[in-house]
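> Below is the structure I would like to discuss, written out as structure tokens.
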Amino acid sequence: MKNLYITLSLVIAGATMNAQNSATAKADKQFNRFEYVSAAAEYLKLVDKGKADAYVYKQLGDAYYNVFNTAESAKWYAKAISEKKQDAETYFRYAQMLKANGKYDEANKQMQQFAGMAPNDLRAKALKENPDYLPKLLNKQKMYTVKSLDINSDKSDFGAFLSENSFYFTSARNTARKTYKWNDEPFLDIYRASYNADGTITDAVALDEINSKYHDGPVTITGDGNTMYFASESFKENSFEKDKAKKLKMGQVNLFKATKDGNKWGNVTALPFNSNQYSTSNPSISKDGTTLYFSSNMPGSVGGIDIWKVAVNKDGSYGTPENLGKKVNTEGDESFPFITEDNAVLYFVSNGRSGLGGLDVFMINLNKGTEAVNLAKPINSEKDDFAFTFNQSKNIGFFSSNRTGEDNIYQATPNCDVAVIAVVSDARTGAILSGAKVAILDEKKNIIGNEVTAANGEVAYHVECDKVYTLQVAKDGFESNTFVVTKQKGGEQKIDAKLNPIDVIVTEKEIVLKDINFEFNKSNITQEGAFELDKLVQVMQNNTQMVIMVKSHTDNRGNDHYNMRLSDRRAKATVQYVISKGIAANRISGKGYGESEPKTDCKENCTEAEHAANRRSEFLIIKK
């Protein structure tokens, strides 16, 4: 049903319509009246009679496209294309339907065909600039946890907006209403439900003081809760265009304003920039009530449907609508805008950008001038995902999707995370270091990620809020080091990871490393140990004649025999690690000495610090 607010035109039809030919006359008449279900049935009769051609197949593809029957739409687009070369937009639509069915490889082929036919289209340019966008989208950090709401019905439900504890949405659930022939569902009404303290949503009732015999909704409400903007039909104002030849009354979706009167809404007025020549729909008002965002196909649009904004003046008048430009709009359709409470971030949907399905939800920071970002899964899916709104005071969002076949409303709970950005540089010169290895460990020292710094010396991780993490940073020719990521509730934490050049640790007799730590009673090399041993490898690679003897020692706890065997295993594991990094086996050897050569001979009276000093590995230079 949201396609009504993408396509935007409405119709009251008379008795006659022009047709492709006499055989398609009945089907074409229903198609042009937006009665797509009935039109498809008539076109299928022609297929059954063997009277179908490329025109009929394309009409079937378009009819099913408009009711989002993705499998049937893709099927008939394929037949149309096989019969006759189609216009560029048909290839684009075919690609959208293939994506909606998860057939991404075939969809990309059709998009390539589209791009070849319309190379200057922004959608084609986006594909050429980022042809491998899909794996990146699928691997993005999940920003939200989503769930379907119990308030949904078996009809279309979408366009949720939370104002204080009132939950507004649009629905076709009223089966007593007249059926709309576009999709054989009742006309849309606005509903209000209670948003309870436990997060449940109950007691949905129709907003009878606003609803009309036409389509109504969705809505947006100012921060003070006193002014509502909503979409309805221009027929409400007896505004339409007559097509005498086709005996049609062509209406539009328009915007209306209502004000609070006690617990009711009233004083409904049409906005002055409405027109019977174009549509205005899907409003979003800023919290302070001074800027209204909406979608429209008015003159000056970049594509089919664009996002616009208009100033709402203190005296109740309106400024001149402004198009948001190509940072937001494409040659496709952009709709369902939502502006956040701080007036900074705009959420909107688009079918003209690289995405997972038909309509995808995007966000853009209007203050920073950055590019629009796809919200990826689980907000977006292979189907249509749209009408994203967010209530900052309750830290909860809502969006709509037909991922299960019908338009339903979903709750979106933000996953609290911290963006950790590490910048690795030379501690001595300040030079940025690319190619540095950066591992991130959780509080239990489990490695949860490994990345390599880019040309700008940066790596980025997204981690959970309110937890401590550790970064282990290593780079050939530099001492490895660790950096603490402190607890933080969301946002960004920048770590300046400065590494000291490695040449300072080589003496005449040995190479001095930090302790090579092993797990209790084990001899396998740990991640922390590997970071230190990589320094040794680097020195030996830079000094090709150097030969090293590894001596491994324990403290004096435990019996002599056990300590000797344990230290020997650890020495040999150290040697094997260095050899695995490409150092010749004849250049390094190792032996365990147990507790026989203590650094501090404290016998039975050792402190913990003295025990720690005695547990050590030495890397003696046998030959330079």
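Naming works like this for the structure tokens: A, B, ... for the chains as they're shown, residue 1 at the start of each chain, ligands 1 onward in shown order.
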Can you pull out the residues contacting Thr413 (chain A)? Cut-off 6 Å, using only C-alpha atoms, and skip same-chain residues under 5 positions away; I want them as a PDB file with N, CA, C and O atoms, in the first residue's frame.


ATOM      1  N   TYR A 144      20.845  -2.110  14.697  1.00  0.00           N
ATOM      2  CA  TYR A 144      19.598  -2.237  15.439  1.00  0.00           C
ATOM      3  C   TYR A 144      19.211  -3.713  15.622  1.00  0.00           C
ATOM      4  O   TYR A 144      19.630  -4.577  14.855  1.00  0.00           O
ATOM      5  N   THR A 145      18.386  -3.942  16.639  1.00  0.00           N
ATOM      6  CA  THR A 145      17.677  -5.206  16.793  1.00  0.00           C
ATOM      7  C   THR A 145      16.213  -4.916  16.467  1.00  0.00           C
ATOM      8  O   THR A 145      15.642  -3.942  16.958  1.00  0.00           O
ATOM      9  N   ILE A 396      13.991   4.690  20.818  1.00  0.00           N
ATOM     10  CA  ILE A 396      13.349   3.599  20.093  1.00  0.00           C
ATOM     11  C   ILE A 396      12.938   4.084  18.705  1.00  0.00           C
ATOM     12  O   ILE A 396      12.539   5.250  18.531  1.00  0.00           O
TER      13      ILE A 396
END

> Pick out the residues sitting within 8 Å of region 371-387 of chain A, and hand them over as a tab-separated table (two decimals) with N, CA and C atoms, in the first residue's frame; count only C-alpha atoms, and ignore anything fewer than 5 positions along from it in its own chain.


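result_12.tsv was written with the following content:
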chain	number	residue	atom	x	y	z
A	99	LYS	N	16.45	-8.44	-7.29
A	99	LYS	CA	17.07	-8.24	-5.98
A	99	LYS	C	16.11	-8.63	-4.86
A	100	ALA	N	14.85	-8.28	-5.05
A	100	ALA	CA	13.84	-8.58	-4.03
A	100	ALA	C	13.67	-10.08	-3.85
A	101	ASN	N	14.05	-10.85	-4.85
A	101	ASN	CA	13.99	-12.31	-4.76
A	101	ASN	C	15.34	-12.93	-4.43
A	102	GLY	N	16.31	-12.08	-4.08
A	102	GLY	CA	17.63	-12.57	-3.69
A	102	GLY	C	18.50	-13.00	-4.84
A	137	LEU	N	27.60	-4.18	2.13
A	137	LEU	CA	26.34	-3.97	2.84
A	137	LEU	C	26.03	-5.15	3.76
A	138	LEU	N	26.22	-6.35	3.25
A	138	LEU	CA	25.87	-7.54	4.03
A	138	LEU	C	26.78	-7.72	5.24
A	140	LYS	N	28.09	-5.18	7.03
A	140	LYS	CA	28.08	-4.02	7.92
A	140	LYS	C	27.65	-4.39	9.32
A	142	LYS	N	25.62	-4.46	12.51
A	142	LYS	CA	24.19	-4.32	12.71
A	142	LYS	C	23.92	-3.21	13.72
A	143	MET	N	23.19	-2.20	13.31
A	143	MET	CA	22.95	-1.02	14.14
A	143	MET	C	21.73	-1.18	15.04
A	144	TYR	N	20.84	-2.11	14.70
A	144	TYR	CA	19.60	-2.24	15.44
A	144	TYR	C	19.21	-3.71	15.62
A	145	THR	N	18.39	-3.94	16.64
A	145	THR	CA	17.68	-5.21	16.79
A	145	THR	C	16.21	-4.92	16.47
A	146	VAL	N	15.61	-5.75	15.63
A	146	VAL	CA	14.26	-5.45	15.16
A	146	VAL	C	13.29	-6.56	15.54
A	158	PHE	N	1.55	0.67	8.31
A	158	PHE	CA	2.85	1.30	8.09
A	158	PHE	C	2.83	2.74	8.62
A	159	GLY	N	3.98	3.40	8.52
A	159	GLY	CA	4.07	4.82	8.83
A	159	GLY	C	3.92	5.16	10.30
A	160	ALA	N	4.61	4.42	11.19
A	160	ALA	CA	4.47	4.67	12.63
A	160	ALA	C	5.16	5.97	13.04
A	327	LYS	N	22.48	15.32	-3.18
A	327	LYS	CA	23.04	14.61	-2.02
A	327	LYS	C	22.02	13.61	-1.49
A	328	VAL	N	20.74	13.92	-1.70
A	328	VAL	CA	19.65	13.07	-1.22
A	328	VAL	C	18.92	12.41	-2.39
A	336	PHE	N	9.37	9.19	2.10
A	336	PHE	CA	9.28	8.93	3.54
A	336	PHE	C	10.44	9.55	4.32
A	337	PRO	N	10.59	10.89	4.25
A	337	PRO	CA	11.64	11.54	5.04
A	337	PRO	C	11.28	11.53	6.52
A	338	PHE	N	12.31	11.54	7.36
A	338	PHE	CA	12.13	11.74	8.80
A	338	PHE	C	13.33	12.50	9.32
A	348	PHE	N	15.53	8.58	5.10
A	348	PHE	CA	14.63	8.57	3.95
A	348	PHE	C	14.77	7.24	3.23
A	349	VAL	N	13.86	6.97	2.30
A	349	VAL	CA	13.96	5.72	1.52
A	349	VAL	C	14.25	6.06	0.07
A	355	GLY	N	21.30	-0.80	-3.03
A	355	GLY	CA	20.65	-1.33	-1.84
A	355	GLY	C	20.44	-2.82	-1.91
A	356	LEU	N	19.71	-3.33	-0.94
A	356	LEU	CA	19.47	-4.77	-0.83
A	356	LEU	C	18.21	-5.20	-1.58
A	357	GLY	N	17.25	-4.29	-1.72
A	357	GLY	CA	15.98	-4.69	-2.32
A	357	GLY	C	15.35	-3.57	-3.10
A	358	GLY	N	13.99	-3.46	-3.01
A	358	GLY	CA	13.29	-2.42	-3.75
A	358	GLY	C	13.55	-1.06	-3.13
A	359	LEU	N	12.87	-0.78	-2.00
A	359	LEU	CA	13.12	0.44	-1.24
A	359	LEU	C	14.03	0.11	-0.07
A	360	ASP	N	15.07	0.89	0.13
A	360	ASP	CA	15.97	0.76	1.28
A	360	ASP	C	15.95	2.06	2.08
A	361	VAL	N	16.19	1.94	3.39
A	361	VAL	CA	16.27	3.11	4.26
A	361	VAL	C	17.72	3.62	4.29
A	362	PHE	N	17.86	4.93	4.14
A	362	PHE	CA	19.17	5.59	4.18
A	362	PHE	C	19.14	6.69	5.24
A	363	MET	N	20.32	7.14	5.64
A	363	MET	CA	20.44	8.28	6.54
A	363	MET	C	21.55	9.18	6.05
A	364	ILE	N	21.38	10.49	6.30
A	364	ILE	CA	22.41	11.45	5.91
A	364	ILE	C	22.45	12.55	6.95
A	365	ASN	N	23.66	12.95	7.34
A	365	ASN	CA	23.83	14.07	8.27
A	365	ASN	C	23.83	15.35	7.45
A	398	PHE	N	11.01	3.00	14.74
A	398	PHE	CA	10.02	2.16	14.07
A	398	PHE	C	10.21	2.29	12.57
A	399	PHE	N	9.94	1.22	11.86
A	399	PHE	CA	9.97	1.27	10.40
A	399	PHE	C	8.96	0.27	9.87
A	400	SER	N	8.75	0.32	8.58
A	400	SER	CA	7.77	-0.56	7.94
A	400	SER	C	8.46	-1.39	6.87
A	401	SER	N	7.91	-2.57	6.61
A	401	SER	CA	8.51	-3.48	5.64
A	401	SER	C	7.48	-4.49	5.16
A	402	ASN	N	7.62	-4.91	3.92
A	402	ASN	CA	6.77	-5.99	3.42
A	402	ASN	C	7.58	-7.29	3.26
A	403	ARG	N	8.58	-7.45	4.10
A	403	ARG	CA	9.48	-8.60	4.01
A	403	ARG	C	8.77	-9.93	4.22
A	412	ALA	N	12.58	-0.91	16.11
A	412	ALA	CA	14.04	-0.93	15.91
A	412	ALA	C	14.71	-0.41	17.18

> Just want the 6 Å neighbourhood of region 192-202 of chain A, counted on only C-alpha atoms, with same-chain residues fewer than 5 positions away dropped. Output as a PyMOL selection string.

chain A and resi 165-168

> Give me the residues within 12 Å of Leu127 (chain A) as a list in words, counting only C-alpha atoms and dropping any in the same chain fewer than 5 places off.

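Contacts, in chain order: Phe92, Ala107, Asn108, Lys109, Gln110, Met111, Gln112, Gln113, Phe114, Ala115, Gly116, Ala118, Pro119, Asn120, Asp121, Leu122, Asp132, Tyr133, Leu134, Gly352, Arg353, Ser354 and Gly355 of chain A.
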
> Taking into account only C-alpha atoms, which residue in the set A:Ser567, A:Tyr278, A:Tyr43, A:Ile285 is nearest to Asp306 (chain A)?

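Of all the options, A:Tyr278 lies closest to Asp306 (chain A).
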
> Which neighbours of Pro321 (chain A) fall inside 7 Å, counting only C-alpha atoms, when residues of the same chain fewer than 6 positions from it are skipped, and could you give them as a list of chain:residue names?

A:Trp308, A:Lys309, A:Val310

> Run DSSP on the backbone and tell me which residues of region 352-444 of chain A come out as strand (DSSP E or B); list them as JSON, numbers by chain.

{"A": [360, 361, 362, 363, 364, 365, 373, 374, 385, 386, 387, 388, 389, 390, 391, 396, 397, 398, 399, 400, 401, 408, 409, 410, 411, 412, 413, 414, 417, 418, 419, 420, 421, 422, 423, 424, 425, 426, 432, 437, 438, 439, 440, 441]}

> What's around Glu492 (chain A) at 7 Å? Count only C-alpha atoms, leave out sequence neighbours fewer than 6 positions away in its own chain, and write the answer as a list in words.

Val418, Ala419 and Val420 of chain A

> Generate a file of the selected residues that holds C-alpha atoms, formatted as a short mmCIF file (atom, residue, chain, number, x, y, z; two decimals), in the first residue's frame.


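That gives us part.cif:
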data_model
loop_
_atom_site.label_atom_id
_atom_site.label_comp_id
_atom_site.auth_asym_id
_atom_site.auth_seq_id
_atom_site.Cartn_x
_atom_site.Cartn_y
_atom_site.Cartn_z
CA VAL A 418 31.28 2.55 20.37
CA ALA A 419 33.24 3.39 17.24
CA VAL A 420 36.90 2.82 18.14
#

> At a cut-off of 9 Å, using only C-alpha atoms, what residues contact Ser301 (chain A)? Leave out same-chain residues fewer than 3 positions from it and give the result as an mmCIF file with all heavy atoms, in the first residue's frame.


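Output saved as selection-v1.cif:
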data_model
loop_
_atom_site.group_PDB
_atom_site.id
_atom_site.type_symbol
_atom_site.label_atom_id
_atom_site.label_comp_id
_atom_site.auth_asym_id
_atom_site.auth_seq_id
_atom_site.Cartn_x
_atom_site.Cartn_y
_atom_site.Cartn_z
ATOM 1 N N SER A 296 7.640 14.747 -2.962
ATOM 2 C CA SER A 296 6.815 15.331 -4.019
ATOM 3 C C SER A 296 7.451 15.103 -5.381
ATOM 4 O O SER A 296 8.664 14.934 -5.495
ATOM 5 C CB SER A 296 6.643 16.839 -3.783
ATOM 6 O OG SER A 296 5.879 17.435 -4.828
ATOM 7 N N ASN A 297 6.588 15.136 -6.403
ATOM 8 C CA ASN A 297 7.061 15.101 -7.789
ATOM 9 C C ASN A 297 6.840 16.452 -8.452
ATOM 10 O O ASN A 297 6.661 16.544 -9.661
ATOM 11 C CB ASN A 297 6.346 13.995 -8.568
ATOM 12 C CG ASN A 297 4.830 14.186 -8.592
ATOM 13 O OD1 ASN A 297 4.269 14.920 -7.783
ATOM 14 N ND2 ASN A 297 4.158 13.501 -9.505
ATOM 15 N N MET A 298 6.859 17.516 -7.652
ATOM 16 C CA MET A 298 6.625 18.873 -8.180
ATOM 17 C C MET A 298 7.744 19.270 -9.141
ATOM 18 O O MET A 298 8.840 18.669 -9.131
ATOM 19 C CB MET A 298 6.499 19.886 -7.042
ATOM 20 C CG MET A 298 7.751 20.096 -6.223
ATOM 21 S SD MET A 298 7.584 21.464 -5.012
ATOM 22 C CE MET A 298 6.195 20.924 -4.017
ATOM 23 N N GLY A 304 11.799 10.848 -10.082
ATOM 24 C CA GLY A 304 10.351 10.698 -10.085
ATOM 25 C C GLY A 304 9.741 11.392 -8.887
ATOM 26 O O GLY A 304 8.974 12.353 -8.997
ATOM 27 N N ILE A 305 10.108 10.922 -7.686
ATOM 28 C CA ILE A 305 9.678 11.515 -6.424
ATOM 29 C C ILE A 305 10.924 11.957 -5.671
ATOM 30 O O ILE A 305 11.890 11.205 -5.569
ATOM 31 C CB ILE A 305 8.887 10.499 -5.565
ATOM 32 C CG1 ILE A 305 7.758 9.869 -6.368
ATOM 33 C CG2 ILE A 305 8.358 11.173 -4.308
ATOM 34 C CD1 ILE A 305 6.754 10.840 -6.902
ATOM 35 N N ASP A 306 10.916 13.158 -5.129
ATOM 36 C CA ASP A 306 12.069 13.720 -4.419
ATOM 37 C C ASP A 306 11.690 14.112 -2.995
ATOM 38 O O ASP A 306 10.517 14.258 -2.660
ATOM 39 C CB ASP A 306 12.588 14.971 -5.134
ATOM 40 C CG ASP A 306 13.500 14.651 -6.307
ATOM 41 O OD1 ASP A 306 13.582 13.469 -6.686
ATOM 42 O OD2 ASP A 306 14.114 15.592 -6.857
ATOM 43 N N ILE A 307 12.718 14.338 -2.167
ATOM 44 C CA ILE A 307 12.529 14.905 -0.836
ATOM 45 C C ILE A 307 12.675 16.421 -0.937
ATOM 46 O O ILE A 307 13.636 16.930 -1.522
ATOM 47 C CB ILE A 307 13.552 14.356 0.176
ATOM 48 C CG1 ILE A 307 13.572 12.831 0.163
ATOM 49 C CG2 ILE A 307 13.246 14.891 1.576
ATOM 50 C CD1 ILE A 307 12.331 12.168 0.650
ATOM 51 N N TRP A 308 11.720 17.122 -0.353
ATOM 52 C CA TRP A 308 11.695 18.590 -0.336
ATOM 53 C C TRP A 308 11.576 19.065 1.110
ATOM 54 O O TRP A 308 11.260 18.290 2.009
ATOM 55 C CB TRP A 308 10.499 19.121 -1.134
ATOM 56 C CG TRP A 308 10.555 18.830 -2.606
ATOM 57 C CD1 TRP A 308 10.375 17.616 -3.222
ATOM 58 C CD2 TRP A 308 10.797 19.766 -3.650
ATOM 59 N NE1 TRP A 308 10.501 17.729 -4.578
ATOM 60 C CE2 TRP A 308 10.753 19.055 -4.885
ATOM 61 C CE3 TRP A 308 11.034 21.144 -3.674
ATOM 62 C CZ2 TRP A 308 10.942 19.678 -6.106
ATOM 63 C CZ3 TRP A 308 11.229 21.768 -4.901
ATOM 64 C CH2 TRP A 308 11.183 21.036 -6.106
ATOM 65 N N ASN A 323 14.090 21.878 -2.967
ATOM 66 C CA ASN A 323 14.539 20.510 -3.220
ATOM 67 C C ASN A 323 15.845 20.255 -2.467
ATOM 68 O O ASN A 323 16.719 21.128 -2.428
ATOM 69 C CB ASN A 323 14.752 20.304 -4.725
ATOM 70 C CG ASN A 323 14.998 18.852 -5.091
ATOM 71 O OD1 ASN A 323 16.054 18.291 -4.819
ATOM 72 N ND2 ASN A 323 14.009 18.243 -5.719
ATOM 73 N N GLY A 325 18.228 18.371 -3.245
ATOM 74 C CA GLY A 325 19.360 18.229 -4.142
ATOM 75 C C GLY A 325 19.884 16.815 -4.281
ATOM 76 O O GLY A 325 19.339 15.865 -3.722
ATOM 77 N N ASN A 329 18.543 13.195 -3.378
ATOM 78 C CA ASN A 329 17.670 12.723 -4.452
ATOM 79 C C ASN A 329 18.436 12.153 -5.641
ATOM 80 O O ASN A 329 19.542 12.595 -5.952
ATOM 81 C CB ASN A 329 16.776 13.876 -4.917
ATOM 82 C CG ASN A 329 15.868 14.360 -3.806
ATOM 83 O OD1 ASN A 329 15.214 13.573 -3.142
ATOM 84 N ND2 ASN A 329 15.840 15.678 -3.590
ATOM 85 N N GLU A 331 17.649 9.984 -9.764
ATOM 86 C CA GLU A 331 16.670 9.863 -10.842
ATOM 87 C C GLU A 331 15.579 8.852 -10.502
ATOM 88 O O GLU A 331 14.572 8.757 -11.198
ATOM 89 C CB GLU A 331 17.359 9.446 -12.154
ATOM 90 C CG GLU A 331 17.961 10.593 -12.925
ATOM 91 C CD GLU A 331 19.424 10.822 -12.573
ATOM 92 O OE1 GLU A 331 19.858 10.321 -11.513
ATOM 93 O OE2 GLU A 331 20.126 11.504 -13.339
#
